[in-house]
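Report on the structure given below.
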Amino acid sequence: MEIHIRTSGHVTILDLNGNLIIGRSEESLRETVRQLIAEERRHLLLNLADVPTIDSSGIGAMIKSFTSVKEVEGKLKVLKPSRMASQLLTITGLMSVLETYDDEGAAISSF
Amino acid sequence: MQRTAQLKIVNRFGVTRHLPLDKNLFTIGRKAENDLQLLSDTVSRQHANIVFENDGYYLVDVGSKRGTYVNDQRIERCALQHLDRLRIGGDDDQQIFFLDESVERASAIFESSPRLTLSPVLQDQHRIASANEELQKLSRFIEVNQAFKFSMTPDDVLCLIVDAAIEITGAERGFLMLRNNETGDLEFKVARDRNRNWVVGNEFSMSRSVVEEAFKQNRSVIINDGQESEKLFERDSMRSLDIRSIACIPLRRFQMSENMDATTILKRDVIGVLYVDSHLVSGSLTQTSLRLLESLAFEATKSLENVRLMHEESEKKQIEQELGMARQVQMALSPTAFISPAHFEIAAQSVPSRYVGGDFYDFMSIKDDRSAIALGDVSGKGFAAALLAAMAQGALQAQFTANLPLTDVIASLNKVLVQRSDSNRFITLFCGVLDRDGHFTYVNAGHNPPILARISGEIETLSTKSVLLGAFDFVEYKTRQTRLLPGDVVVMYTDGVTEAVNTANEMFGEERLERLIQDSVTLTAEQIKQRILDDVLAFTHGLPQGDDITLIVIKMK
């Protein structure tokens, strides 16, 4: 999985590309978020548009990222999850915790 | 001249990216607009450029704070050569190499010559080409070995490394020493000569001081013509050994921490040294060969690490087998045959996957003729998941025995899990309490919603939209209620059922499960359970599944 980082105002957008599953992809997400927090970037938008599959480890990485950002009084939100990812977020109840958007503009202005 | 170069970027996880240098101006810096963005705060917003001009590529520092380096030399403007190592500011999160494909092509031509034999007087340019070939050969060989899982031991890799090092430098002998993790001392692993024979006995003598310096100072040492060396201690040792030139480079490993928590970063440590020397050739070890040796060392330690991981993997498999047996025991502890309560039937079964998983279920009679039923799935696999499953099962039993209300039971289990386990482990849990008159109170914490098939033919799913356990300490868990009527069936399951795959890589799926239950609603709980398991088994054609398959069926009398 690749992560591309761009910014829009004070929001940092992480464009994920590839499956977010056990192994390097979930590690690199957690590591990237850790780095961003170290750079005092606290408003993160996770763009899942190009993430076909998420497994339980991927969910774990998202939870970890969410809690780390929350600890520094930042926010982590989710953009454009795939149908499969939405289902998983719904079943696991994460939809009630992670704010999810389908429109990038709306997501950015919500921070 | 065509633009044929690229940057090879290897991050600390060993993930490699190639960025083609296909523009006349390629920018590097911390800002997102750069062609290569580096997030380290030691990198300036606009740090350096790679410029393509008529005669080649140049790395140019554009007024950075922390400097730009090529092969550890700070530069303002520097012509780039094949295999140059770039460092941007203090960023050592990744290794960046400059690759020029025209050199790669030269090596490909070289490779096509019938038999590669290197003479000590080999020209530097040829040596670069052959060294490049050696690097490619080595990485190809290791890749092939990994692909076919041949039994390549770490020692085989070490031999390859040393032979490649001798070939690259044209040296006579090569040694490889690794640190003993217990004593911290260096130990000989490989000693070879240029005919690929093992060096034995007294011939082991070498310049200890050079080795010490490379190992302790974590830096490459190159000495040409030892007779002229300024350092007395080196001269003495070298003279007595009659060695004229030495190259010694530390082997560094990007060590991955056992603890998967992202806050423990990867450590970079020296695991050994690679040493080559020669008493015939003087002045043959150039900066170029040293640089090649360094890239060899980098590739080699990475390969070594991969092979080591592979070996650990096979050991781990053995442990997993044992854990699998332990898992069977654990499963046996979960009730399989129930003394059926007066007002409903219950049947349950768990089929552990090849690996140790984390499904668990339990069923308890509690006060006032009520029954508690729980089905959980711990994320991840392996020992930790199985242990956490056992712990959660125990905690649930204790709390129900203490006769606490369901919301309290779930809230306190969540609290314990948040505090006790790292936050990338969590549990999805469905837990319900069934009264004698059919009142069913339940919490669904992120678990696949159980299917309620009414005797009337309707299908409902049992969800409370609550978040999974062990993730957040700030969430509240609410219950819901339904009334089960005589003949109604509830099927609780883990995702191993619906995500069971067949050879066409299709999943069993919720819809198929719902239809099956709907068609089976007149059967007994035990028959329904068996029918679902048989159906899943028939669907998968016995294909080994990655997840445990667990089912609980209750049917109201």
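Each chain in the structure tokens gets a letter, A, B and so on, in the order shown; residues start at 1 in every chain, and ligands are counted from 1 in the order they appear.
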
| request: Do me a favour and pick out the residues of chain A within 9 Å of chain B, using only C-alpha atoms, as number ranges by chain. | output: A: 4-7, 22, 24, 27-28, 30-32, 34-36, 38-39, 56-64, 67, 89-97

| field | Residues near Glu213 in chain B, cut-off 12 Å, only C-alpha atoms, skip fewer than 5 positions along chain, as number ranges by chain | value | B: 207-208, 218-222, 233-234, 247-250, 272-273, 275

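CA of Asp519 in chain B lies 17.0 Å from CA of Phe539 in chain B.
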
| task | For each of A:Ile37, A:Val11, A:Ala106, A:Met84, take the minimum atom-to-atom distance to Lys70 in chain A, counting only C-alpha atoms, then give the residue where this is smallest. | result |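 Comparing A:Ile37, A:Val11, A:Ala106, A:Met84 against Lys70 in chain A, the winner is A:Ile37.
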
| Sel. of strand (DSSP E or B) residues, range 67-109 of chain A, as a list in words |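 In range 67-109 of chain A, DSSP puts these residues in strand (DSSP E or B): Lys75, Leu76, Lys77, Val78, Leu79, Thr100 and Tyr101 of chain A.
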
Restricting it to N, CA and C atoms, dump the selection as a PDB file, in the first residue's frame.
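Resulting contents of out25.pdb:
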```
ATOM      1  N   LYS A  75      -8.105  15.467  15.264  1.00  0.00           N
ATOM      2  CA  LYS A  75      -9.232  14.685  14.760  1.00  0.00           C
ATOM      3  C   LYS A  75      -8.785  13.823  13.586  1.00  0.00           C
ATOM      4  N   LEU A  76      -9.346  12.637  13.514  1.00  0.00           N
ATOM      5  CA  LEU A  76      -9.120  11.790  12.359  1.00  0.00           C
ATOM      6  C   LEU A  76     -10.480  11.431  11.776  1.00  0.00           C
ATOM      7  N   LYS A  77     -10.649  11.731  10.501  1.00  0.00           N
ATOM      8  CA  LYS A  77     -11.911  11.420   9.839  1.00  0.00           C
ATOM      9  C   LYS A  77     -11.643  10.584   8.598  1.00  0.00           C
ATOM     10  N   VAL A  78     -12.719  10.008   8.080  1.00  0.00           N
ATOM     11  CA  VAL A  78     -12.572   9.061   6.987  1.00  0.00           C
ATOM     12  C   VAL A  78     -13.301   9.572   5.749  1.00  0.00           C
ATOM     13  N   LEU A  79     -12.626   9.440   4.597  1.00  0.00           N
ATOM     14  CA  LEU A  79     -13.208   9.893   3.335  1.00  0.00           C
ATOM     15  C   LEU A  79     -13.413   8.709   2.403  1.00  0.00           C
ATOM     16  N   THR A 100     -17.426   9.925   8.861  1.00  0.00           N
ATOM     17  CA  THR A 100     -17.159   9.464   7.506  1.00  0.00           C
ATOM     18  C   THR A 100     -17.826  10.375   6.480  1.00  0.00           C
ATOM     19  N   TYR A 101     -17.107  10.719   5.434  1.00  0.00           N
ATOM     20  CA  TYR A 101     -17.625  11.618   4.401  1.00  0.00           C
ATOM     21  C   TYR A 101     -17.436  11.023   3.023  1.00  0.00           C
TER      22      TYR A 101
END
```

| message | Considering only alpha helix (DSSP H) as DSSP defines it on the backbone, what residues of range 343-431 of chain B qualify? List them as number ranges by chain. | response | B: 383-401, 406-420

| Quick one, how far is CA of Val33 in chain A from CA of Leu417 in chain B? | 23.1 Å
